[in-house]
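Text of the file query12.cif, holding mmCIF, C-alpha atoms:
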```cif
data_model
#
loop_
_atom_site.group_PDB
_atom_site.id
_atom_site.type_symbol
_atom_site.label_atom_id
_atom_site.label_comp_id
_atom_site.auth_asym_id
_atom_site.auth_seq_id
_atom_site.Cartn_x
_atom_site.Cartn_y
_atom_site.Cartn_z
ATOM 1 C CA MET Y 20 0.000 0.000 0.000
ATOM 2 C CA LEU Y 21 2.906 2.364 0.649
ATOM 3 C CA ASP Y 22 3.942 2.042 -3.000
ATOM 4 C CA LYS Y 23 0.440 3.030 -4.092
ATOM 5 C CA ILE Y 24 0.424 5.977 -1.688
ATOM 6 C CA ASP Y 25 3.712 7.180 -3.153
ATOM 7 C CA LEU Y 26 2.428 6.679 -6.699
ATOM 8 C CA TYR Y 27 -0.590 8.867 -5.968
ATOM 9 C CA LYS Y 28 1.597 11.426 -4.196
ATOM 10 C CA THR Y 29 3.804 11.651 -7.303
ATOM 11 C CA GLU Y 30 0.759 12.331 -9.479
ATOM 12 C CA LEU Y 31 -0.526 14.962 -7.055
ATOM 13 C CA ASP Y 32 2.881 16.635 -6.935
ATOM 14 C CA LYS Y 33 2.861 16.931 -10.733
ATOM 15 C CA LYS Y 34 -0.343 18.943 -10.532
ATOM 16 C CA ARG Y 35 0.117 20.894 -7.319
ATOM 17 C CA PRO Y 36 2.450 19.630 -4.597
ATOM 18 C CA PHE Y 37 0.808 19.375 -1.203
ATOM 19 C CA ARG Y 38 3.300 21.924 0.117
ATOM 20 C CA ASP Y 39 2.520 24.462 -2.627
ATOM 21 C CA PRO Y 40 1.757 27.680 -0.631
ATOM 22 C CA ALA Y 41 -1.500 28.516 -2.410
ATOM 23 C CA LEU Y 42 -2.823 24.972 -2.148
ATOM 24 C CA LEU Y 43 -1.710 24.711 1.454
ATOM 25 C CA LYS Y 44 -3.722 27.779 2.411
ATOM 26 C CA GLU Y 45 -6.837 26.271 0.850
ATOM 27 C CA LEU Y 46 -6.292 22.833 2.356
ATOM 28 C CA GLN Y 47 -5.389 24.171 5.787
ATOM 29 C CA LYS Y 48 -8.781 25.863 6.015
ATOM 30 C CA PHE Y 49 -10.600 22.801 4.684
ATOM 31 C CA TYR Y 50 -8.924 20.240 6.931
ATOM 32 C CA ARG Y 51 -9.221 22.474 10.003
ATOM 33 C CA ILE Y 52 -12.960 21.859 10.087
ATOM 34 C CA ASP Y 53 -12.875 18.261 8.910
ATOM 35 C CA LEU Y 54 -10.219 17.100 11.363
ATOM 36 C CA ALA Y 55 -11.790 18.946 14.302
ATOM 37 C CA PHE Y 56 -15.146 17.328 13.569
ATOM 38 C CA THR Y 57 -13.907 13.789 12.915
ATOM 39 C CA SER Y 58 -11.312 13.679 15.688
ATOM 40 C CA ASN Y 59 -13.704 15.031 18.306
ATOM 41 C CA ALA Y 60 -16.566 12.845 17.098
ATOM 42 C CA LEU Y 61 -14.395 9.749 17.576
ATOM 43 C CA GLU Y 62 -14.233 10.680 21.265
ATOM 44 C CA GLY Y 63 -17.979 11.216 21.685
ATOM 45 C CA ASN Y 64 -18.324 14.918 20.847
ATOM 46 C CA SER Y 65 -21.892 15.578 19.655
ATOM 47 C CA LEU Y 66 -21.215 18.490 17.285
ATOM 48 C CA THR Y 67 -21.967 17.975 13.607
ATOM 49 C CA ILE Y 68 -19.524 19.110 10.938
ATOM 50 C CA SER Y 69 -21.780 22.097 10.205
ATOM 51 C CA GLU Y 70 -21.864 23.068 13.883
ATOM 52 C CA THR Y 71 -18.089 22.679 14.089
ATOM 53 C CA LYS Y 72 -17.748 25.015 11.111
ATOM 54 C CA ILE Y 73 -20.015 27.627 12.705
ATOM 55 C CA ILE Y 74 -17.951 27.570 15.900
ATOM 56 C CA LEU Y 75 -14.518 27.676 14.260
ATOM 57 C CA GLU Y 76 -15.215 29.985 11.327
ATOM 58 C CA ASP Y 77 -17.964 32.248 12.635
ATOM 59 C CA GLY Y 78 -17.219 32.177 16.365
ATOM 60 C CA ILE Y 79 -20.861 31.428 17.135
ATOM 61 C CA THR Y 80 -21.861 28.935 19.797
ATOM 62 C CA VAL Y 81 -24.496 26.292 19.109
ATOM 63 C CA GLY Y 82 -27.575 26.305 21.299
ATOM 64 C CA GLY Y 83 -28.428 23.157 23.200
ATOM 65 C CA LYS Y 84 -24.953 21.633 22.913
ATOM 66 C CA PRO Y 85 -22.720 20.847 25.920
ATOM 67 C CA LEU Y 86 -20.179 23.565 26.695
ATOM 68 C CA ARG Y 87 -17.386 21.005 26.683
ATOM 69 C CA ASP Y 88 -18.194 20.017 23.102
ATOM 70 C CA THR Y 89 -17.780 23.642 22.044
ATOM 71 C CA LEU Y 90 -14.535 24.001 23.990
ATOM 72 C CA GLU Y 91 -13.187 20.833 22.356
ATOM 73 C CA ALA Y 92 -13.895 22.272 18.905
ATOM 74 C CA ILE Y 93 -12.184 25.568 19.760
ATOM 75 C CA GLY Y 94 -9.254 23.773 21.377
ATOM 76 C CA HIS Y 95 -8.789 21.414 18.464
ATOM 77 C CA GLY Y 96 -8.790 24.367 16.083
ATOM 78 C CA ALA Y 97 -5.999 26.025 18.064
ATOM 79 C CA ALA Y 98 -3.944 22.819 18.288
ATOM 80 C CA TYR Y 99 -4.464 22.182 14.573
ATOM 81 C CA ASP Y 100 -3.223 25.678 13.696
ATOM 82 C CA TYR Y 101 -0.049 24.978 15.646
ATOM 83 C CA MET Y 102 0.313 21.558 14.004
ATOM 84 C CA PHE Y 103 0.105 23.155 10.563
ATOM 85 C CA SER Y 104 2.638 25.821 11.556
ATOM 86 C CA LEU Y 105 5.207 23.019 11.885
ATOM 87 C CA ILE Y 106 4.916 22.068 8.221
ATOM 88 C CA GLN Y 107 8.254 23.598 7.234
ATOM 89 C CA ASN Y 108 10.098 21.658 9.942
ATOM 90 C CA ASP Y 109 11.710 18.294 9.361
ATOM 91 C CA TYR Y 110 11.177 17.158 12.925
ATOM 92 C CA LEU Y 111 8.522 16.895 15.623
ATOM 93 C CA SER Y 112 9.547 17.169 19.256
ATOM 94 C CA VAL Y 113 7.919 16.010 22.459
ATOM 95 C CA ASN Y 114 7.632 19.691 23.393
ATOM 96 C CA ASP Y 115 5.559 20.218 20.229
ATOM 97 C CA ILE Y 116 3.276 17.408 21.391
ATOM 98 C CA TYR Y 117 2.949 19.012 24.831
ATOM 99 C CA LYS Y 118 2.106 22.355 23.225
ATOM 100 C CA MET Y 119 -0.599 20.843 21.048
ATOM 101 C CA HIS Y 120 -2.159 19.313 24.148
ATOM 102 C CA ARG Y 121 -1.930 22.616 26.014
ATOM 103 C CA LEU Y 122 -3.676 24.445 23.171
ATOM 104 C CA PHE Y 123 -6.360 21.775 22.903
ATOM 105 C CA TYR Y 124 -7.029 21.330 26.613
ATOM 106 C CA THR Y 125 -6.382 24.686 28.281
ATOM 107 C CA LYS Y 126 -9.996 25.927 28.109
ATOM 108 C CA ILE Y 127 -11.223 22.588 29.445
ATOM 109 C CA ASP Y 128 -8.758 22.001 32.280
ATOM 110 C CA ALA Y 129 -5.941 24.569 32.444
ATOM 111 C CA GLU Y 130 -4.265 22.835 35.386
ATOM 112 C CA ASN Y 131 -3.620 19.655 33.396
ATOM 113 C CA ALA Y 132 -3.144 21.173 29.950
ATOM 114 C CA GLY Y 133 0.163 20.348 28.325
ATOM 115 C CA ILE Y 134 1.601 18.385 31.229
ATOM 116 C CA LEU Y 135 2.072 14.689 31.875
ATOM 117 C CA ARG Y 136 -0.710 13.070 33.836
ATOM 118 C CA LYS Y 137 -0.326 12.641 37.579
ATOM 119 C CA GLN Y 138 -2.567 9.613 37.958
ATOM 120 C CA GLN Y 139 -3.095 6.286 36.285
ATOM 121 C CA VAL Y 140 -5.496 6.114 33.356
ATOM 122 C CA TYR Y 141 -7.281 3.236 31.660
ATOM 123 C CA ILE Y 142 -8.458 2.610 28.116
ATOM 124 C CA SER Y 143 -12.074 1.478 28.138
ATOM 125 C CA GLY Y 144 -12.465 -2.048 26.809
ATOM 126 C CA SER Y 145 -8.741 -2.691 26.401
ATOM 127 C CA GLU Y 146 -7.056 -5.868 27.568
ATOM 128 C CA HIS Y 147 -3.723 -4.043 27.889
ATOM 129 C CA ASN Y 148 -4.386 -1.545 30.690
ATOM 130 C CA SER Y 149 -1.697 -3.162 32.823
ATOM 131 C CA GLU Y 150 0.845 -2.158 30.152
ATOM 132 C CA ILE Y 151 0.057 1.576 30.242
ATOM 133 C CA PRO Y 152 3.006 3.327 31.941
ATOM 134 C CA GLN Y 153 2.625 4.461 35.528
ATOM 135 C CA CYS Y 154 2.681 8.244 35.863
ATOM 136 C CA GLN Y 155 6.124 8.216 37.526
ATOM 137 C CA ASP Y 156 7.518 6.400 34.475
ATOM 138 C CA LEU Y 157 6.135 8.845 31.918
ATOM 139 C CA PRO Y 158 9.080 11.289 31.770
ATOM 140 C CA ALA Y 159 11.429 8.447 30.839
ATOM 141 C CA GLU Y 160 8.855 7.020 28.394
ATOM 142 C CA MET Y 161 8.464 10.345 26.613
ATOM 143 C CA GLN Y 162 12.233 10.731 26.452
ATOM 144 C CA LYS Y 163 12.386 7.318 24.761
ATOM 145 C CA ILE Y 164 9.818 8.521 22.233
ATOM 146 C CA GLU Y 165 11.836 11.715 21.652
ATOM 147 C CA THR Y 166 14.991 9.701 21.022
ATOM 148 C CA TRP Y 167 13.155 7.305 18.734
ATOM 149 C CA MET Y 168 11.673 10.193 16.726
ATOM 150 C CA ARG Y 169 15.116 11.732 16.262
ATOM 151 C CA ASP Y 170 16.890 8.495 15.387
ATOM 152 C CA ASP Y 171 14.326 6.663 13.232
ATOM 153 C CA ARG Y 172 12.464 9.336 11.313
ATOM 154 C CA ASN Y 173 14.817 9.526 8.333
ATOM 155 C CA LYS Y 174 15.161 5.737 8.186
ATOM 156 C CA THR Y 175 11.446 4.974 7.879
ATOM 157 C CA HIS Y 176 8.741 5.658 5.309
ATOM 158 C CA PRO Y 177 6.785 8.720 6.555
ATOM 159 C CA VAL Y 178 3.429 6.929 6.626
ATOM 160 C CA LEU Y 179 4.902 4.013 8.563
ATOM 161 C CA PHE Y 180 6.678 6.403 10.934
ATOM 162 C CA ALA Y 181 3.479 8.412 11.499
ATOM 163 C CA ALA Y 182 1.489 5.258 12.303
ATOM 164 C CA ARG Y 183 4.179 4.064 14.705
ATOM 165 C CA LEU Y 184 4.217 7.449 16.443
ATOM 166 C CA HIS Y 185 0.456 7.216 16.870
ATOM 167 C CA LYS Y 186 0.839 3.749 18.383
ATOM 168 C CA LYS Y 187 3.593 4.781 20.786
ATOM 169 C CA LEU Y 188 1.691 7.822 22.038
ATOM 170 C CA ALA Y 189 -1.581 5.924 22.345
ATOM 171 C CA GLN Y 190 0.080 3.214 24.408
ATOM 172 C CA ALA Y 191 1.918 5.723 26.607
ATOM 173 C CA HIS Y 192 -1.324 7.678 27.148
ATOM 174 C CA PRO Y 193 0.701 10.606 28.525
ATOM 175 C CA PHE Y 194 -2.149 13.003 29.347
ATOM 176 C CA ILE Y 195 -5.075 12.894 31.712
ATOM 177 C CA ASP Y 196 -7.437 13.330 28.749
ATOM 178 C CA GLY Y 197 -7.282 14.176 25.057
ATOM 179 C CA ASN Y 198 -4.751 11.482 24.190
ATOM 180 C CA GLY Y 199 -6.522 10.282 21.053
ATOM 181 C CA ARG Y 200 -6.742 13.734 19.566
ATOM 182 C CA ILE Y 201 -3.098 14.479 20.277
ATOM 183 C CA CYS Y 202 -2.076 11.118 18.793
ATOM 184 C CA ARG Y 203 -3.874 11.997 15.577
ATOM 185 C CA LEU Y 204 -2.536 15.565 15.458
ATOM 186 C CA SER Y 205 1.023 14.313 16.028
ATOM 187 C CA MET Y 206 0.628 11.652 13.350
ATOM 188 C CA ASN Y 207 -0.718 14.223 10.897
ATOM 189 C CA ALA Y 208 2.067 16.673 11.719
ATOM 190 C CA VAL Y 209 4.558 14.077 10.481
ATOM 191 C CA LEU Y 210 2.516 13.415 7.353
ATOM 192 C CA VAL Y 211 2.113 17.045 6.288
ATOM 193 C CA GLN Y 212 5.769 17.796 7.057
ATOM 194 C CA ASN Y 213 6.649 15.109 4.520
ATOM 195 C CA GLY Y 214 4.261 16.359 1.853
ATOM 196 C CA TYR Y 215 1.472 13.836 2.459
ATOM 197 C CA PRO Y 216 -2.132 14.771 3.216
ATOM 198 C CA PRO Y 217 -3.479 14.043 6.705
ATOM 199 C CA ALA Y 218 -5.020 10.730 7.655
ATOM 200 C CA ILE Y 219 -8.693 11.375 8.390
ATOM 201 C CA VAL Y 220 -10.600 8.807 10.461
ATOM 202 C CA PRO Y 221 -14.351 9.308 9.962
ATOM 203 C CA PRO Y 222 -16.650 8.467 12.886
ATOM 204 C CA ILE Y 223 -18.221 5.633 10.883
ATOM 205 C CA LEU Y 224 -14.888 3.783 11.128
ATOM 206 C CA ARG Y 225 -14.577 4.241 14.891
ATOM 207 C CA GLY Y 226 -15.025 0.527 15.602
ATOM 208 C CA ASP Y 227 -12.405 -0.504 13.050
ATOM 209 C CA TYR Y 228 -10.033 2.155 14.366
ATOM 210 C CA ILE Y 229 -10.380 1.075 17.993
ATOM 211 C CA MET Y 230 -9.896 -2.553 16.999
ATOM 212 C CA ALA Y 231 -6.734 -1.659 15.036
ATOM 213 C CA LEU Y 232 -5.389 0.242 18.042
ATOM 214 C CA GLU Y 233 -6.133 -2.656 20.374
ATOM 215 C CA LYS Y 234 -4.526 -5.230 18.075
ATOM 216 C CA SER Y 235 -1.478 -3.010 17.595
ATOM 217 C CA TRP Y 236 -0.373 -3.794 21.143
ATOM 218 C CA THR Y 237 0.798 -7.163 19.851
ATOM 219 C CA ASN Y 238 1.131 -6.492 16.111
ATOM 220 C CA GLU Y 239 1.622 -2.992 14.712
ATOM 221 C CA ARG Y 240 0.541 -4.150 11.243
ATOM 222 C CA PHE Y 241 -3.141 -3.641 12.072
ATOM 223 C CA LEU Y 242 -2.760 0.058 12.869
ATOM 224 C CA VAL Y 243 -0.199 0.671 10.121
ATOM 225 C CA GLU Y 244 -2.517 -0.771 7.479
ATOM 226 C CA PHE Y 245 -5.487 1.167 8.852
ATOM 227 C CA ILE Y 246 -3.611 4.496 8.816
ATOM 228 C CA ALA Y 247 -2.127 3.829 5.385
ATOM 229 C CA ALA Y 248 -5.617 3.180 4.038
ATOM 230 C CA ARG Y 249 -6.827 6.491 5.462
ATOM 231 C CA VAL Y 250 -3.915 8.388 3.857
ATOM 232 C CA LEU Y 251 -4.716 6.719 0.544
ATOM 233 C CA GLU Y 252 -8.369 7.742 0.786
ATOM 234 C CA THR Y 253 -7.383 11.358 1.465
ATOM 235 C CA GLU Y 254 -5.130 11.248 -1.582
ATOM 236 C CA LYS Y 255 -8.013 9.935 -3.701
ATOM 237 C CA ASP Y 256 -10.236 12.773 -2.485
ATOM 238 C CA LEU Y 257 -7.535 15.307 -3.357
ATOM 239 C CA MET Y 258 -7.062 13.827 -6.805
ATOM 240 C CA ARG Y 259 -10.761 14.170 -7.495
ATOM 241 C CA MET Y 260 -10.815 17.740 -6.165
ATOM 242 C CA LEU Y 261 -7.793 18.754 -8.263
ATOM 243 C CA HIS Y 262 -8.862 16.741 -11.336
ATOM 244 C CA VAL Y 263 -5.690 14.668 -11.270
ATOM 245 C CA PRO Y 264 -5.960 11.490 -13.387
ATOM 246 C CA PHE Y 265 -5.652 8.243 -11.466
ATOM 247 C CA PRO Y 266 -2.584 6.371 -12.734
ATOM 248 C CA ASP Y 267 -4.197 2.998 -12.057
ATOM 249 C CA LYS Y 268 -7.693 3.854 -13.317
ATOM 250 C CA GLN Y 269 -9.106 3.972 -9.777
ATOM 251 C CA ARG Y 270 -11.963 6.302 -8.877
#
```
Kindly transcribe the structure held in the file into structure tokens.
Amino acid sequence: MLDKIDLYKTELDKKRPFRDPALLKELQKFYRIDLAFTSNALEGNSLTISETKIILEDGITVGGKPLRDTLEAIGHGAAYDYMFSLIQNDYLSVNDIYKMHRLFYTKIDAENAGILRKQQVYISGSEHNSEIPQCQDLPAEMQKIETWMRDDRNKTHPVLFAARLHKKLAQAHPFIDGNGRICRLSMNAVLVQNGYPPAIVPPILRGDYIMALEKSWTNERFLVEFIAARVLETEKDLMRMLHVPFPDKQR
């Protein structure tokens, strides 16, 4: 699948590379709404994509919706803007990950925003809760992730690296809340830095996504293949939007 992703990326780059400034401005605005809606919806947020757009673009609250849902949309928008600001970098640091969490979570719980959790957490329905690091072990765990990011990034295909980063952060579960959203933002930071579109996980695939995450504790292939498929679907959408011919006659 990675070969197919790269084939589609080559065709897209012939038309308008993902990092073309004009295209980036358009796509940044488009994906800001889409990723805020899908990522929050995966975690139970009740806002529709239209309501998310109203909040993020018009600054208007939605009547009858929980305040937290609105704050999650606003926070995700801020964290996303920071994620996209990293596009010219060739690295992602643990401090960048902390900052994205701080931007996402500060209006919800300022005391715990952007800092490592101080209590044990559990993943609902997982059989691997005993493997989640204890809070006192998190600084060392995040340092291991930092070292891995620095040492392995240029040795690994970007889509594979992004999926592995998602897995490592999900299994570390470094924050008191918001871990899933920060995993996805961190993964997408790596993708856009390397000229790939973001991996978008629609709410309809929530069950498949959770299953891939659970199985990745023992075999990363499940999550890698799931994320690769999502990158490929985003590429297909872009090719249709930009009227780029499919090299393999796909539609």
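We find CA of Leu54 in chain Y and CA of Glu254 in chain Y to be spaced 15.1 Å apart.
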Exercise for the section: Excluding Pro158 in chain Y and any residue of its chain fewer than 4 positions from it, enumerate the residues within 12 Å of it, using all atoms listed in the file, and give them as a ChimeraX atom specification. Expected result: /Y:113-114,134-137,152-154,162-165,191-194
Residue selection dump (C-alpha atoms) as a PDB file, keeping the file's coordinate frame:
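Once written, out_14.pdb looks like this:
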```pdb
ATOM      1  CA  VAL Y 113       7.919  16.010  22.459  1.00  0.00           C
ATOM      2  CA  ASN Y 114       7.632  19.691  23.393  1.00  0.00           C
ATOM      3  CA  ILE Y 134       1.601  18.385  31.229  1.00  0.00           C
ATOM      4  CA  LEU Y 135       2.072  14.689  31.875  1.00  0.00           C
ATOM      5  CA  ARG Y 136      -0.710  13.070  33.836  1.00  0.00           C
ATOM      6  CA  LYS Y 137      -0.326  12.641  37.579  1.00  0.00           C
ATOM      7  CA  PRO Y 152       3.006   3.327  31.941  1.00  0.00           C
ATOM      8  CA  GLN Y 153       2.625   4.461  35.528  1.00  0.00           C
ATOM      9  CA  CYS Y 154       2.681   8.244  35.863  1.00  0.00           C
ATOM     10  CA  GLN Y 162      12.233  10.731  26.452  1.00  0.00           C
ATOM     11  CA  LYS Y 163      12.386   7.318  24.761  1.00  0.00           C
ATOM     12  CA  ILE Y 164       9.818   8.521  22.233  1.00  0.00           C
ATOM     13  CA  GLU Y 165      11.836  11.715  21.652  1.00  0.00           C
ATOM     14  CA  ALA Y 191       1.918   5.723  26.607  1.00  0.00           C
ATOM     15  CA  HIS Y 192      -1.324   7.678  27.148  1.00  0.00           C
ATOM     16  CA  PRO Y 193       0.701  10.606  28.525  1.00  0.00           C
ATOM     17  CA  PHE Y 194      -2.149  13.003  29.347  1.00  0.00           C
TER      18      PHE Y 194
END
```
Would you mind listing what lies within 10 Å of Glu30 in chain Y as a PDB file with C-alpha atoms, in the frame of the given file, with only C-alpha atoms counted and same-chain residues fewer than 2 positions away left out?
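New file part_38.pdb:
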```pdb
ATOM      1  CA  ASP Y  25       3.712   7.180  -3.153  1.00  0.00           C
ATOM      2  CA  LEU Y  26       2.428   6.679  -6.699  1.00  0.00           C
ATOM      3  CA  TYR Y  27      -0.590   8.867  -5.968  1.00  0.00           C
ATOM      4  CA  LYS Y  28       1.597  11.426  -4.196  1.00  0.00           C
ATOM      5  CA  ASP Y  32       2.881  16.635  -6.935  1.00  0.00           C
ATOM      6  CA  LYS Y  33       2.861  16.931 -10.733  1.00  0.00           C
ATOM      7  CA  LYS Y  34      -0.343  18.943 -10.532  1.00  0.00           C
ATOM      8  CA  ARG Y  35       0.117  20.894  -7.319  1.00  0.00           C
ATOM      9  CA  PRO Y  36       2.450  19.630  -4.597  1.00  0.00           C
ATOM     10  CA  GLU Y 254      -5.130  11.248  -1.582  1.00  0.00           C
ATOM     11  CA  MET Y 258      -7.062  13.827  -6.805  1.00  0.00           C
ATOM     12  CA  VAL Y 263      -5.690  14.668 -11.270  1.00  0.00           C
ATOM     13  CA  PRO Y 264      -5.960  11.490 -13.387  1.00  0.00           C
ATOM     14  CA  PHE Y 265      -5.652   8.243 -11.466  1.00  0.00           C
ATOM     15  CA  PRO Y 266      -2.584   6.371 -12.734  1.00  0.00           C
TER      16      PRO Y 266
END
```
Exercise for the section: Spell out the residues picked by the PyMOL selection byres ((chain Y and resi 56-60) around 10) here, as a PyMOL selection string. Expected result: chain Y and resi 50-55+61-72+88+91-92+95-96+197+199-201+203-204+219-223+225
Could the residues in this selection be saved with C-alpha atoms as an mmCIF file, in the coordinates of the input?
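result29.cif, freshly written:
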```cif
data_model
loop_
_atom_site.group_PDB
_atom_site.id
_atom_site.type_symbol
_atom_site.label_atom_id
_atom_site.label_comp_id
_atom_site.auth_asym_id
_atom_site.auth_seq_id
_atom_site.Cartn_x
_atom_site.Cartn_y
_atom_site.Cartn_z
ATOM 1 C CA TYR Y 50 -8.924 20.240 6.931
ATOM 2 C CA ARG Y 51 -9.221 22.474 10.003
ATOM 3 C CA ILE Y 52 -12.960 21.859 10.087
ATOM 4 C CA ASP Y 53 -12.875 18.261 8.910
ATOM 5 C CA LEU Y 54 -10.219 17.100 11.363
ATOM 6 C CA ALA Y 55 -11.790 18.946 14.302
ATOM 7 C CA LEU Y 61 -14.395 9.749 17.576
ATOM 8 C CA GLU Y 62 -14.233 10.680 21.265
ATOM 9 C CA GLY Y 63 -17.979 11.216 21.685
ATOM 10 C CA ASN Y 64 -18.324 14.918 20.847
ATOM 11 C CA SER Y 65 -21.892 15.578 19.655
ATOM 12 C CA LEU Y 66 -21.215 18.490 17.285
ATOM 13 C CA THR Y 67 -21.967 17.975 13.607
ATOM 14 C CA ILE Y 68 -19.524 19.110 10.938
ATOM 15 C CA SER Y 69 -21.780 22.097 10.205
ATOM 16 C CA GLU Y 70 -21.864 23.068 13.883
ATOM 17 C CA THR Y 71 -18.089 22.679 14.089
ATOM 18 C CA LYS Y 72 -17.748 25.015 11.111
ATOM 19 C CA ASP Y 88 -18.194 20.017 23.102
ATOM 20 C CA GLU Y 91 -13.187 20.833 22.356
ATOM 21 C CA ALA Y 92 -13.895 22.272 18.905
ATOM 22 C CA HIS Y 95 -8.789 21.414 18.464
ATOM 23 C CA GLY Y 96 -8.790 24.367 16.083
ATOM 24 C CA GLY Y 197 -7.282 14.176 25.057
ATOM 25 C CA GLY Y 199 -6.522 10.282 21.053
ATOM 26 C CA ARG Y 200 -6.742 13.734 19.566
ATOM 27 C CA ILE Y 201 -3.098 14.479 20.277
ATOM 28 C CA ARG Y 203 -3.874 11.997 15.577
ATOM 29 C CA LEU Y 204 -2.536 15.565 15.458
ATOM 30 C CA ILE Y 219 -8.693 11.375 8.390
ATOM 31 C CA VAL Y 220 -10.600 8.807 10.461
ATOM 32 C CA PRO Y 221 -14.351 9.308 9.962
ATOM 33 C CA PRO Y 222 -16.650 8.467 12.886
ATOM 34 C CA ILE Y 223 -18.221 5.633 10.883
ATOM 35 C CA ARG Y 225 -14.577 4.241 14.891
#
```
Practice task
List, as a ChimeraX atom specification, every residue that the PyMOL selection byres ((chain Y and resi 178) around 9) selects in the file provided.
Solution key: /Y:21,24,175-177,179-183,206,209-210,215,243,246-247,250
